Each structure stands twice: as C-alpha cells, then as structure tokens.
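Asker: File structure22.csv follows (CSV, N, CA and C atoms):
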```
chain,number,residue,atom,x,y,z
A,98,MET,N,0.8,-1.2,0.0
A,98,MET,CA,0.0,0.0,0.0
A,98,MET,C,0.9,1.2,0.0
A,99,PRO,N,0.6,2.2,-0.9
A,99,PRO,CA,1.5,3.4,-0.9
A,99,PRO,C,1.3,4.2,0.4
A,100,TYR,N,2.4,4.9,0.7
A,100,TYR,CA,2.4,5.7,1.9
A,100,TYR,C,1.3,6.6,2.0
A,101,ARG,N,0.9,7.3,0.9
A,101,ARG,CA,-0.2,8.2,1.0
A,101,ARG,C,-1.5,7.5,1.4
A,102,ASN,N,-1.7,6.3,0.9
A,102,ASN,CA,-2.9,5.6,1.3
A,102,ASN,C,-2.9,5.2,2.8
A,103,GLN,N,-1.7,5.0,3.3
A,103,GLN,CA,-1.6,4.7,4.7
A,103,GLN,C,-2.0,5.9,5.6
A,104,LEU,N,-1.7,7.1,5.1
A,104,LEU,CA,-2.1,8.3,5.8
A,104,LEU,C,-3.6,8.7,5.6
A,105,HIS,N,-4.2,8.1,4.6
A,105,HIS,CA,-5.6,8.4,4.3
A,105,HIS,C,-6.4,7.1,4.3
A,106,PRO,N,-6.7,6.5,5.5
A,106,PRO,CA,-7.3,5.2,5.5
A,106,PRO,C,-8.8,5.2,5.2
A,107,TRP,N,-9.5,6.3,5.4
A,107,TRP,CA,-10.9,6.4,5.1
A,107,TRP,C,-11.2,6.7,3.6
A,108,CYS,N,-12.1,6.0,3.0
A,108,CYS,CA,-12.3,6.3,1.6
A,108,CYS,C,-13.8,6.2,1.3
A,109,ILE,N,-14.2,6.9,0.2
A,109,ILE,CA,-15.5,6.8,-0.3
A,109,ILE,C,-15.5,6.0,-1.5
A,110,ILE,N,-16.3,5.0,-1.6
A,110,ILE,CA,-16.4,4.1,-2.8
A,110,ILE,C,-17.7,4.3,-3.4
A,111,GLN,N,-17.7,4.2,-4.7
A,111,GLN,CA,-19.0,4.2,-5.5
A,111,GLN,C,-19.3,2.8,-5.9
A,112,LEU,N,-20.5,2.4,-5.6
A,112,LEU,CA,-20.9,1.0,-5.9
A,112,LEU,C,-21.5,1.0,-7.3
A,113,LEU,N,-20.9,0.1,-8.1
A,113,LEU,CA,-21.3,0.0,-9.5
A,113,LEU,C,-22.0,-1.3,-9.8
A,114,PRO,N,-22.6,-1.5,-11.0
A,114,PRO,CA,-23.2,-2.8,-11.3
A,114,PRO,C,-22.2,-3.9,-11.4
A,115,ASN,N,-22.7,-5.1,-11.3
A,115,ASN,CA,-21.9,-6.3,-11.3
A,115,ASN,C,-20.9,-6.4,-10.2
A,116,ALA,N,-21.2,-5.9,-9.0
A,116,ALA,CA,-20.4,-6.0,-7.8
A,116,ALA,C,-19.0,-5.3,-8.0
A,117,ARG,N,-19.0,-4.3,-8.8
A,117,ARG,CA,-17.7,-3.5,-9.0
A,117,ARG,C,-17.8,-2.3,-8.1
A,118,THR,N,-16.6,-1.8,-7.7
A,118,THR,CA,-16.5,-0.6,-6.9
A,118,THR,C,-15.3,0.3,-7.5
A,119,ILE,N,-15.4,1.6,-7.2
A,119,ILE,CA,-14.3,2.4,-7.5
A,119,ILE,C,-14.1,3.3,-6.3
A,120,VAL,N,-12.8,3.6,-6.0
A,120,VAL,CA,-12.5,4.6,-4.9
A,120,VAL,C,-12.6,6.0,-5.5
A,121,VAL,N,-13.5,6.8,-4.9
A,121,VAL,CA,-13.8,8.1,-5.4
A,121,VAL,C,-12.7,9.1,-4.8
A,122,GLN,N,-12.5,9.0,-3.5
A,122,GLN,CA,-11.6,9.9,-2.8
A,122,GLN,C,-11.2,9.2,-1.4
A,123,ARG,N,-10.0,9.6,-1.0
A,123,ARG,CA,-9.5,9.1,0.3
A,123,ARG,C,-9.3,10.2,1.3
A,124,PHE,N,-9.5,10.0,2.6
A,124,PHE,CA,-9.4,11.0,3.6
A,124,PHE,C,-8.7,10.5,4.9
A,125,ARG,N,-8.2,11.4,5.7
A,125,ARG,CA,-7.6,11.1,6.9
A,125,ARG,C,-8.6,10.8,8.0
A,126,ARG,N,-9.7,11.6,8.0
A,126,ARG,CA,-10.7,11.5,9.0
A,126,ARG,C,-12.1,11.1,8.5
A,127,ARG,N,-12.8,10.3,9.2
A,127,ARG,CA,-14.1,9.8,8.8
A,127,ARG,C,-15.1,11.0,8.6
A,128,SER,N,-15.0,12.0,9.5
A,128,SER,CA,-15.8,13.1,9.4
A,128,SER,C,-15.7,13.9,8.1
A,129,ASP,N,-14.4,14.0,7.6
A,129,ASP,CA,-14.2,14.6,6.3
A,129,ASP,C,-14.8,13.8,5.2
A,130,ALA,N,-14.7,12.5,5.3
A,130,ALA,CA,-15.4,11.6,4.3
A,130,ALA,C,-16.9,11.7,4.3
A,131,GLU,N,-17.5,11.8,5.5
A,131,GLU,CA,-18.9,12.0,5.6
A,131,GLU,C,-19.4,13.3,5.0
A,132,ALA,N,-18.6,14.4,5.2
A,132,ALA,CA,-19.0,15.7,4.6
A,132,ALA,C,-18.9,15.7,3.1
A,133,HIS,N,-17.9,15.0,2.6
A,133,HIS,CA,-17.7,15.0,1.1
A,133,HIS,C,-18.8,14.1,0.5
A,134,MET,N,-19.2,13.0,1.2
A,134,MET,CA,-20.2,12.1,0.7
A,134,MET,C,-21.5,12.8,0.6
A,135,GLN,N,-21.8,13.7,1.5
A,135,GLN,CA,-23.1,14.5,1.5
A,135,GLN,C,-23.1,15.4,0.2
A,136,VAL,N,-22.0,16.0,-0.2
A,136,VAL,CA,-21.9,16.7,-1.4
A,136,VAL,C,-22.1,15.8,-2.6
A,137,LEU,N,-21.4,14.7,-2.6
A,137,LEU,CA,-21.6,13.8,-3.7
A,137,LEU,C,-23.0,13.3,-3.9
A,138,ARG,N,-23.7,13.1,-2.8
A,138,ARG,CA,-25.1,12.6,-2.9
A,138,ARG,C,-26.0,13.7,-3.4
A,139,ARG,N,-25.7,15.0,-3.1
A,139,ARG,CA,-26.4,16.1,-3.7
A,139,ARG,C,-26.2,16.2,-5.2
A,140,MET,N,-24.9,16.0,-5.6
A,140,MET,CA,-24.6,16.2,-7.0
A,140,MET,C,-25.1,15.0,-7.9
A,141,LYS,N,-25.0,13.8,-7.3
A,141,LYS,CA,-25.5,12.6,-8.1
A,141,LYS,C,-26.4,11.8,-7.1
A,142,PRO,N,-27.7,12.2,-7.0
A,142,PRO,CA,-28.5,11.5,-6.1
A,142,PRO,C,-28.9,10.0,-6.4
A,143,HIS,N,-28.7,9.6,-7.6
A,143,HIS,CA,-29.0,8.2,-8.0
A,143,HIS,C,-27.8,7.3,-7.9
A,144,ALA,N,-26.6,7.8,-7.6
A,144,ALA,CA,-25.4,7.0,-7.4
A,144,ALA,C,-25.4,6.4,-6.0
A,145,SER,N,-24.8,5.3,-5.8
A,145,SER,CA,-24.6,4.7,-4.5
A,145,SER,C,-23.2,4.8,-4.0
A,146,TYR,N,-23.0,5.4,-2.8
A,146,TYR,CA,-21.7,5.6,-2.2
A,146,TYR,C,-21.7,5.0,-0.8
A,147,GLN,N,-20.5,4.6,-0.4
A,147,GLN,CA,-20.3,4.0,0.9
A,147,GLN,C,-18.9,4.5,1.4
A,148,ILE,N,-18.9,4.7,2.7
A,148,ILE,CA,-17.6,5.0,3.4
A,148,ILE,C,-17.0,3.7,4.0
A,149,MET,N,-15.7,3.5,3.8
A,149,MET,CA,-15.1,2.3,4.4
A,149,MET,C,-13.7,2.7,4.9
A,150,PHE,N,-13.3,1.9,5.9
A,150,PHE,CA,-11.9,2.0,6.4
A,150,PHE,C,-11.1,1.0,5.7
A,151,ASP,N,-10.0,1.5,5.1
A,151,ASP,CA,-9.2,0.6,4.3
A,151,ASP,C,-7.8,0.4,5.0
A,152,ALA,N,-7.8,-0.6,5.9
A,152,ALA,CA,-6.6,-0.8,6.7
A,152,ALA,C,-6.0,-2.1,6.2
A,153,GLN,N,-4.8,-2.1,5.6
A,153,GLN,CA,-4.2,-3.3,5.1
A,153,GLN,C,-2.9,-3.5,6.0
A,154,GLN,N,-2.7,-4.7,6.4
A,154,GLN,CA,-1.6,-5.1,7.2
A,154,GLN,C,-0.3,-5.2,6.3
A,155,LYS,N,0.8,-4.7,6.8
A,155,LYS,CA,2.0,-5.0,6.1
A,155,LYS,C,2.5,-6.4,6.4
A,156,HIS,N,2.9,-7.0,5.3
A,156,HIS,CA,3.5,-8.4,5.4
A,156,HIS,C,5.0,-8.3,5.5
A,157,GLU,N,5.5,-8.8,6.6
A,157,GLU,CA,6.9,-8.9,6.8
A,157,GLU,C,7.5,-10.2,6.4
A,158,GLU,N,8.5,-10.2,5.6
A,158,GLU,CA,9.0,-11.4,5.1
A,158,GLU,C,10.5,-11.5,5.4
```
Take the structure in the file and give it back as structure tokens.

Answerer:
Amino acid sequence: MPYRNQLHPWCIIQLLPNARTIVVQRFRRRSDAEAHMQVLRRMKPHASYQIMFDAQQKHEE
C-alpha cells in the first residue's frame, strides 16, 4: 500500500453494477469523508456511495 494511502485510510467508494466498486476519494478522518459524501449525494442523487476504512496489514518477510 502506498504511503499516501496509509495516511488516508478512510475512503468513499462508489458502488457500480456487477459488484464492482471504485474509490472516489481518500481521507484522513471519517468526518471529512462523511461531509464529502453529502456533497456527492447532492450532485449525483442516484449513485450509491459508501464509506469504508481501508486498513491493510504490512506483510513482513
């Protein structure tokens, strides 16, 4: 996982057909993600968005 993604673990994903998703934006704080998602829902009311915490463990070998 890139260092920037480690600093921004909260992300907004857009739910697409056929169980696909895309990451719309990443944030450091959940509250920032929630505020941005409100704006997205106003701009595209028919799209489905979800906030998730993307924490991936580092594998040490």

Asker: Measure the distance from CA of Ile148 (chain A) to CA of His105 (chain A) in Å and round it to one decimal.

Answerer: 12.5 Å

Asker: Between CA of Ile109 (chain A) and CA of His133 (chain A), what is the distance in Å, rounded to a tenth?

Answerer: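 CA of His133 (chain A) lies at a distance of 8.6 Å from CA of Ile109 (chain A).
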
Asker: Looking only at alpha helix (DSSP H) from DSSP on the backbone, list the matching residues of chain A as a list in words.

Answerer: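 Everything in chain A that counts as alpha helix (DSSP H) is Tyr100, Arg101, Asn102, Gln103, Leu104, Arg127, Ser128, Asp129, Ala130, Glu131, Ala132, His133, Met134, Gln135, Val136, Leu137, Arg138, Arg139 and Met140 of chain A.
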
Asker: Taking N, CA and C atoms for each residue, export the selection above as a PDB file, in the coordinates of the input.

Answerer:
```
ATOM      1  N   TYR A 100       2.400   4.900   0.700  1.00  0.00           N
ATOM      2  CA  TYR A 100       2.400   5.700   1.900  1.00  0.00           C
ATOM      3  C   TYR A 100       1.300   6.600   2.000  1.00  0.00           C
ATOM      4  N   ARG A 101       0.900   7.300   0.900  1.00  0.00           N
ATOM      5  CA  ARG A 101      -0.200   8.200   1.000  1.00  0.00           C
ATOM      6  C   ARG A 101      -1.500   7.500   1.400  1.00  0.00           C
ATOM      7  N   ASN A 102      -1.700   6.300   0.900  1.00  0.00           N
ATOM      8  CA  ASN A 102      -2.900   5.600   1.300  1.00  0.00           C
ATOM      9  C   ASN A 102      -2.900   5.200   2.800  1.00  0.00           C
ATOM     10  N   GLN A 103      -1.700   5.000   3.300  1.00  0.00           N
ATOM     11  CA  GLN A 103      -1.600   4.700   4.700  1.00  0.00           C
ATOM     12  C   GLN A 103      -2.000   5.900   5.600  1.00  0.00           C
ATOM     13  N   LEU A 104      -1.700   7.100   5.100  1.00  0.00           N
ATOM     14  CA  LEU A 104      -2.100   8.300   5.800  1.00  0.00           C
ATOM     15  C   LEU A 104      -3.600   8.700   5.600  1.00  0.00           C
ATOM     16  N   ARG A 127     -12.800  10.300   9.200  1.00  0.00           N
ATOM     17  CA  ARG A 127     -14.100   9.800   8.800  1.00  0.00           C
ATOM     18  C   ARG A 127     -15.100  11.000   8.600  1.00  0.00           C
ATOM     19  N   SER A 128     -15.000  12.000   9.500  1.00  0.00           N
ATOM     20  CA  SER A 128     -15.800  13.100   9.400  1.00  0.00           C
ATOM     21  C   SER A 128     -15.700  13.900   8.100  1.00  0.00           C
ATOM     22  N   ASP A 129     -14.400  14.000   7.600  1.00  0.00           N
ATOM     23  CA  ASP A 129     -14.200  14.600   6.300  1.00  0.00           C
ATOM     24  C   ASP A 129     -14.800  13.800   5.200  1.00  0.00           C
ATOM     25  N   ALA A 130     -14.700  12.500   5.300  1.00  0.00           N
ATOM     26  CA  ALA A 130     -15.400  11.600   4.300  1.00  0.00           C
ATOM     27  C   ALA A 130     -16.900  11.700   4.300  1.00  0.00           C
ATOM     28  N   GLU A 131     -17.500  11.800   5.500  1.00  0.00           N
ATOM     29  CA  GLU A 131     -18.900  12.000   5.600  1.00  0.00           C
ATOM     30  C   GLU A 131     -19.400  13.300   5.000  1.00  0.00           C
ATOM     31  N   ALA A 132     -18.600  14.400   5.200  1.00  0.00           N
ATOM     32  CA  ALA A 132     -19.000  15.700   4.600  1.00  0.00           C
ATOM     33  C   ALA A 132     -18.900  15.700   3.100  1.00  0.00           C
ATOM     34  N   HIS A 133     -17.900  15.000   2.600  1.00  0.00           N
ATOM     35  CA  HIS A 133     -17.700  15.000   1.100  1.00  0.00           C
ATOM     36  C   HIS A 133     -18.800  14.100   0.500  1.00  0.00           C
ATOM     37  N   MET A 134     -19.200  13.000   1.200  1.00  0.00           N
ATOM     38  CA  MET A 134     -20.200  12.100   0.700  1.00  0.00           C
ATOM     39  C   MET A 134     -21.500  12.800   0.600  1.00  0.00           C
ATOM     40  N   GLN A 135     -21.800  13.700   1.500  1.00  0.00           N
ATOM     41  CA  GLN A 135     -23.100  14.500   1.500  1.00  0.00           C
ATOM     42  C   GLN A 135     -23.100  15.400   0.200  1.00  0.00           C
ATOM     43  N   VAL A 136     -22.000  16.000  -0.200  1.00  0.00           N
ATOM     44  CA  VAL A 136     -21.900  16.700  -1.400  1.00  0.00           C
ATOM     45  C   VAL A 136     -22.100  15.800  -2.600  1.00  0.00           C
ATOM     46  N   LEU A 137     -21.400  14.700  -2.600  1.00  0.00           N
ATOM     47  CA  LEU A 137     -21.600  13.800  -3.700  1.00  0.00           C
ATOM     48  C   LEU A 137     -23.000  13.300  -3.900  1.00  0.00           C
ATOM     49  N   ARG A 138     -23.700  13.100  -2.800  1.00  0.00           N
ATOM     50  CA  ARG A 138     -25.100  12.600  -2.900  1.00  0.00           C
ATOM     51  C   ARG A 138     -26.000  13.700  -3.400  1.00  0.00           C
ATOM     52  N   ARG A 139     -25.700  15.000  -3.100  1.00  0.00           N
ATOM     53  CA  ARG A 139     -26.400  16.100  -3.700  1.00  0.00           C
ATOM     54  C   ARG A 139     -26.200  16.200  -5.200  1.00  0.00           C
ATOM     55  N   MET A 140     -24.900  16.000  -5.600  1.00  0.00           N
ATOM     56  CA  MET A 140     -24.600  16.200  -7.000  1.00  0.00           C
ATOM     57  C   MET A 140     -25.100  15.000  -7.900  1.00  0.00           C
TER      58      MET A 140
END
```

Asker: I'd like to know which residues of chain A are strand (DSSP E) (by DSSP, run on the backbone); could you write them as a PyMOL selection string?

Answerer: chain A and resi 107-113+117-124+145-150

Asker: Report, in Å with one decimal, the straight-line distance from atom C of Arg123 (chain A) to CA of Gln147 (chain A).

Answerer: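 Here the two named atoms are 12.6 Å from each other.
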
Asker: Counting only C-alpha atoms, which residues sit no farther than 12 Å from the position (-19.6, 3.2, -6.0) in the file's frame? I'd like them as a list in words.

Answerer: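 Selection result: Cys108, Ile109, Ile110, Gln111, Leu112, Leu113, Pro114, Asn115, Ala116, Arg117, Thr118, Ile119, Val120, Val121, Gln122, Met134, Leu137, Arg138, Lys141, His143, Ala144, Ser145, Tyr146, Gln147, Ile148 and Met149 of chain A.
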
Asker: Using only N, CA and C atoms, please write the residues we just selected to a file, as a short mmCIF file (atom, residue, chain, number, x, y, z; two decimals), in the coordinates of the input.

Answerer:
```cif
data_model
loop_
_atom_site.label_atom_id
_atom_site.label_comp_id
_atom_site.auth_asym_id
_atom_site.auth_seq_id
_atom_site.Cartn_x
_atom_site.Cartn_y
_atom_site.Cartn_z
N CYS A 108 -12.10 6.00 3.00
CA CYS A 108 -12.30 6.30 1.60
C CYS A 108 -13.80 6.20 1.30
N ILE A 109 -14.20 6.90 0.20
CA ILE A 109 -15.50 6.80 -0.30
C ILE A 109 -15.50 6.00 -1.50
N ILE A 110 -16.30 5.00 -1.60
CA ILE A 110 -16.40 4.10 -2.80
C ILE A 110 -17.70 4.30 -3.40
N GLN A 111 -17.70 4.20 -4.70
CA GLN A 111 -19.00 4.20 -5.50
C GLN A 111 -19.30 2.80 -5.90
N LEU A 112 -20.50 2.40 -5.60
CA LEU A 112 -20.90 1.00 -5.90
C LEU A 112 -21.50 1.00 -7.30
N LEU A 113 -20.90 0.10 -8.10
CA LEU A 113 -21.30 0.00 -9.50
C LEU A 113 -22.00 -1.30 -9.80
N PRO A 114 -22.60 -1.50 -11.00
CA PRO A 114 -23.20 -2.80 -11.30
C PRO A 114 -22.20 -3.90 -11.40
N ASN A 115 -22.70 -5.10 -11.30
CA ASN A 115 -21.90 -6.30 -11.30
C ASN A 115 -20.90 -6.40 -10.20
N ALA A 116 -21.20 -5.90 -9.00
CA ALA A 116 -20.40 -6.00 -7.80
C ALA A 116 -19.00 -5.30 -8.00
N ARG A 117 -19.00 -4.30 -8.80
CA ARG A 117 -17.70 -3.50 -9.00
C ARG A 117 -17.80 -2.30 -8.10
N THR A 118 -16.60 -1.80 -7.70
CA THR A 118 -16.50 -0.60 -6.90
C THR A 118 -15.30 0.30 -7.50
N ILE A 119 -15.40 1.60 -7.20
CA ILE A 119 -14.30 2.40 -7.50
C ILE A 119 -14.10 3.30 -6.30
N VAL A 120 -12.80 3.60 -6.00
CA VAL A 120 -12.50 4.60 -4.90
C VAL A 120 -12.60 6.00 -5.50
N VAL A 121 -13.50 6.80 -4.90
CA VAL A 121 -13.80 8.10 -5.40
C VAL A 121 -12.70 9.10 -4.80
N GLN A 122 -12.50 9.00 -3.50
CA GLN A 122 -11.60 9.90 -2.80
C GLN A 122 -11.20 9.20 -1.40
N MET A 134 -19.20 13.00 1.20
CA MET A 134 -20.20 12.10 0.70
C MET A 134 -21.50 12.80 0.60
N LEU A 137 -21.40 14.70 -2.60
CA LEU A 137 -21.60 13.80 -3.70
C LEU A 137 -23.00 13.30 -3.90
N ARG A 138 -23.70 13.10 -2.80
CA ARG A 138 -25.10 12.60 -2.90
C ARG A 138 -26.00 13.70 -3.40
N LYS A 141 -25.00 13.80 -7.30
CA LYS A 141 -25.50 12.60 -8.10
C LYS A 141 -26.40 11.80 -7.10
N HIS A 143 -28.70 9.60 -7.60
CA HIS A 143 -29.00 8.20 -8.00
C HIS A 143 -27.80 7.30 -7.90
N ALA A 144 -26.60 7.80 -7.60
CA ALA A 144 -25.40 7.00 -7.40
C ALA A 144 -25.40 6.40 -6.00
N SER A 145 -24.80 5.30 -5.80
CA SER A 145 -24.60 4.70 -4.50
C SER A 145 -23.20 4.80 -4.00
N TYR A 146 -23.00 5.40 -2.80
CA TYR A 146 -21.70 5.60 -2.20
C TYR A 146 -21.70 5.00 -0.80
N GLN A 147 -20.50 4.60 -0.40
CA GLN A 147 -20.30 4.00 0.90
C GLN A 147 -18.90 4.50 1.40
N ILE A 148 -18.90 4.70 2.70
CA ILE A 148 -17.60 5.00 3.40
C ILE A 148 -17.00 3.70 4.00
N MET A 149 -15.70 3.50 3.80
CA MET A 149 -15.10 2.30 4.40
C MET A 149 -13.70 2.70 4.90
#
```

Asker: Give as an MDAnalysis selection string the set of residues within 8 Å of the point (-8.4, 1.7, 4.7), where distances use the file's coordinates and all atoms listed in the file.

Answerer: chainID A and resid 102:103 105:108 149:153

Asker: For region 143-154 of chain A, supply all heavy atoms and report the output as a PDB file, in the frame of the given file.

Answerer:
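rebuild-v3.pdb was written with the following content:
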```pdb
ATOM      1  N   HIS A 143     -28.700   9.600  -7.600  1.00  0.00           N
ATOM      2  CA  HIS A 143     -29.000   8.200  -8.000  1.00  0.00           C
ATOM      3  C   HIS A 143     -27.800   7.300  -7.900  1.00  0.00           C
ATOM      4  O   HIS A 143     -27.966   6.082  -7.987  1.00  0.00           O
ATOM      5  CB  HIS A 143     -29.538   8.180  -9.417  1.00  0.00           C
ATOM      6  CG  HIS A 143     -30.795   8.985  -9.575  1.00  0.00           C
ATOM      7  ND1 HIS A 143     -31.975   8.665  -8.944  1.00  0.00           N
ATOM      8  CD2 HIS A 143     -31.047  10.127 -10.257  1.00  0.00           C
ATOM      9  CE1 HIS A 143     -32.896   9.551  -9.236  1.00  0.00           C
ATOM     10  NE2 HIS A 143     -32.359  10.463 -10.033  1.00  0.00           N
ATOM     11  N   ALA A 144     -26.600   7.800  -7.600  1.00  0.00           N
ATOM     12  CA  ALA A 144     -25.400   7.000  -7.400  1.00  0.00           C
ATOM     13  C   ALA A 144     -25.400   6.400  -6.000  1.00  0.00           C
ATOM     14  O   ALA A 144     -25.889   7.084  -5.049  1.00  0.00           O
ATOM     15  CB  ALA A 144     -24.180   7.764  -7.723  1.00  0.00           C
ATOM     16  N   SER A 145     -24.800   5.300  -5.800  1.00  0.00           N
ATOM     17  CA  SER A 145     -24.600   4.700  -4.500  1.00  0.00           C
ATOM     18  C   SER A 145     -23.200   4.800  -4.000  1.00  0.00           C
ATOM     19  O   SER A 145     -22.259   4.421  -4.680  1.00  0.00           O
ATOM     20  CB  SER A 145     -24.993   3.202  -4.509  1.00  0.00           C
ATOM     21  OG  SER A 145     -26.340   3.038  -4.850  1.00  0.00           O
ATOM     22  N   TYR A 146     -23.000   5.400  -2.800  1.00  0.00           N
ATOM     23  CA  TYR A 146     -21.700   5.600  -2.200  1.00  0.00           C
ATOM     24  C   TYR A 146     -21.700   5.000  -0.800  1.00  0.00           C
ATOM     25  O   TYR A 146     -22.710   4.835  -0.185  1.00  0.00           O
ATOM     26  CB  TYR A 146     -21.410   7.122  -2.067  1.00  0.00           C
ATOM     27  CG  TYR A 146     -21.342   7.859  -3.373  1.00  0.00           C
ATOM     28  CD1 TYR A 146     -22.398   8.635  -3.813  1.00  0.00           C
ATOM     29  CD2 TYR A 146     -20.214   7.775  -4.180  1.00  0.00           C
ATOM     30  CE1 TYR A 146     -22.347   9.313  -5.017  1.00  0.00           C
ATOM     31  CE2 TYR A 146     -20.150   8.443  -5.385  1.00  0.00           C
ATOM     32  CZ  TYR A 146     -21.218   9.213  -5.793  1.00  0.00           C
ATOM     33  OH  TYR A 146     -21.153   9.880  -6.987  1.00  0.00           O
ATOM     34  N   GLN A 147     -20.500   4.600  -0.400  1.00  0.00           N
ATOM     35  CA  GLN A 147     -20.300   4.000   0.900  1.00  0.00           C
ATOM     36  C   GLN A 147     -18.900   4.500   1.400  1.00  0.00           C
ATOM     37  O   GLN A 147     -17.971   4.613   0.673  1.00  0.00           O
ATOM     38  CB  GLN A 147     -20.383   2.530   0.803  1.00  0.00           C
ATOM     39  CG  GLN A 147     -20.498   1.830   2.112  1.00  0.00           C
ATOM     40  CD  GLN A 147     -20.823   0.355   1.903  1.00  0.00           C
ATOM     41  OE1 GLN A 147     -20.626  -0.200   0.842  1.00  0.00           O
ATOM     42  NE2 GLN A 147     -21.310  -0.266   2.944  1.00  0.00           N
ATOM     43  N   ILE A 148     -18.900   4.700   2.700  1.00  0.00           N
ATOM     44  CA  ILE A 148     -17.600   5.000   3.400  1.00  0.00           C
ATOM     45  C   ILE A 148     -17.000   3.700   4.000  1.00  0.00           C
ATOM     46  O   ILE A 148     -17.753   2.927   4.585  1.00  0.00           O
ATOM     47  CB  ILE A 148     -17.786   6.039   4.505  1.00  0.00           C
ATOM     48  CG1 ILE A 148     -18.272   7.350   3.912  1.00  0.00           C
ATOM     49  CG2 ILE A 148     -16.492   6.250   5.280  1.00  0.00           C
ATOM     50  CD1 ILE A 148     -18.617   8.401   4.933  1.00  0.00           C
ATOM     51  N   MET A 149     -15.700   3.500   3.800  1.00  0.00           N
ATOM     52  CA  MET A 149     -15.100   2.300   4.400  1.00  0.00           C
ATOM     53  C   MET A 149     -13.700   2.700   4.900  1.00  0.00           C
ATOM     54  O   MET A 149     -13.077   3.624   4.440  1.00  0.00           O
ATOM     55  CB  MET A 149     -15.055   1.165   3.401  1.00  0.00           C
ATOM     56  CG  MET A 149     -14.203   1.377   2.183  1.00  0.00           C
ATOM     57  SD  MET A 149     -14.219  -0.043   1.078  1.00  0.00           S
ATOM     58  CE  MET A 149     -13.113  -1.143   1.890  1.00  0.00           C
ATOM     59  N   PHE A 150     -13.300   1.900   5.900  1.00  0.00           N
ATOM     60  CA  PHE A 150     -11.900   2.000   6.400  1.00  0.00           C
ATOM     61  C   PHE A 150     -11.100   1.000   5.700  1.00  0.00           C
ATOM     62  O   PHE A 150     -11.316  -0.193   5.824  1.00  0.00           O
ATOM     63  CB  PHE A 150     -11.961   1.813   7.937  1.00  0.00           C
ATOM     64  CG  PHE A 150     -10.649   2.092   8.612  1.00  0.00           C
ATOM     65  CD1 PHE A 150     -10.273   3.393   8.904  1.00  0.00           C
ATOM     66  CD2 PHE A 150      -9.797   1.064   8.927  1.00  0.00           C
ATOM     67  CE1 PHE A 150      -9.060   3.657   9.529  1.00  0.00           C
ATOM     68  CE2 PHE A 150      -8.589   1.310   9.545  1.00  0.00           C
ATOM     69  CZ  PHE A 150      -8.221   2.604   9.853  1.00  0.00           C
ATOM     70  N   ASP A 151     -10.000   1.500   5.100  1.00  0.00           N
ATOM     71  CA  ASP A 151      -9.200   0.600   4.300  1.00  0.00           C
ATOM     72  C   ASP A 151      -7.800   0.400   5.000  1.00  0.00           C
ATOM     73  O   ASP A 151      -6.881   1.108   4.768  1.00  0.00           O
ATOM     74  CB  ASP A 151      -8.958   1.163   2.886  1.00  0.00           C
ATOM     75  CG  ASP A 151      -8.170   0.260   1.955  1.00  0.00           C
ATOM     76  OD1 ASP A 151      -8.088  -0.953   2.248  1.00  0.00           O
ATOM     77  OD2 ASP A 151      -7.668   0.751   0.949  1.00  0.00           O
ATOM     78  N   ALA A 152      -7.800  -0.600   5.900  1.00  0.00           N
ATOM     79  CA  ALA A 152      -6.600  -0.800   6.700  1.00  0.00           C
ATOM     80  C   ALA A 152      -6.000  -2.100   6.200  1.00  0.00           C
ATOM     81  O   ALA A 152      -6.559  -3.203   6.402  1.00  0.00           O
ATOM     82  CB  ALA A 152      -6.882  -0.907   8.156  1.00  0.00           C
ATOM     83  N   GLN A 153      -4.800  -2.100   5.600  1.00  0.00           N
ATOM     84  CA  GLN A 153      -4.200  -3.300   5.100  1.00  0.00           C
ATOM     85  C   GLN A 153      -2.900  -3.500   6.000  1.00  0.00           C
ATOM     86  O   GLN A 153      -2.180  -2.543   6.232  1.00  0.00           O
ATOM     87  CB  GLN A 153      -3.778  -3.138   3.644  1.00  0.00           C
ATOM     88  CG  GLN A 153      -4.967  -3.045   2.736  1.00  0.00           C
ATOM     89  CD  GLN A 153      -4.536  -2.992   1.279  1.00  0.00           C
ATOM     90  OE1 GLN A 153      -3.358  -3.020   0.963  1.00  0.00           O
ATOM     91  NE2 GLN A 153      -5.505  -2.911   0.389  1.00  0.00           N
ATOM     92  N   GLN A 154      -2.700  -4.700   6.400  1.00  0.00           N
ATOM     93  CA  GLN A 154      -1.600  -5.100   7.200  1.00  0.00           C
ATOM     94  C   GLN A 154      -0.300  -5.200   6.300  1.00  0.00           C
ATOM     95  O   GLN A 154      -0.415  -5.705   5.223  1.00  0.00           O
ATOM     96  CB  GLN A 154      -1.833  -6.374   7.933  1.00  0.00           C
ATOM     97  CG  GLN A 154      -3.027  -6.323   8.860  1.00  0.00           C
ATOM     98  CD  GLN A 154      -2.806  -5.404  10.037  1.00  0.00           C
ATOM     99  OE1 GLN A 154      -1.689  -5.265  10.516  1.00  0.00           O
ATOM    100  NE2 GLN A 154      -3.854  -4.753  10.480  1.00  0.00           N
TER     101      GLN A 154
END
```
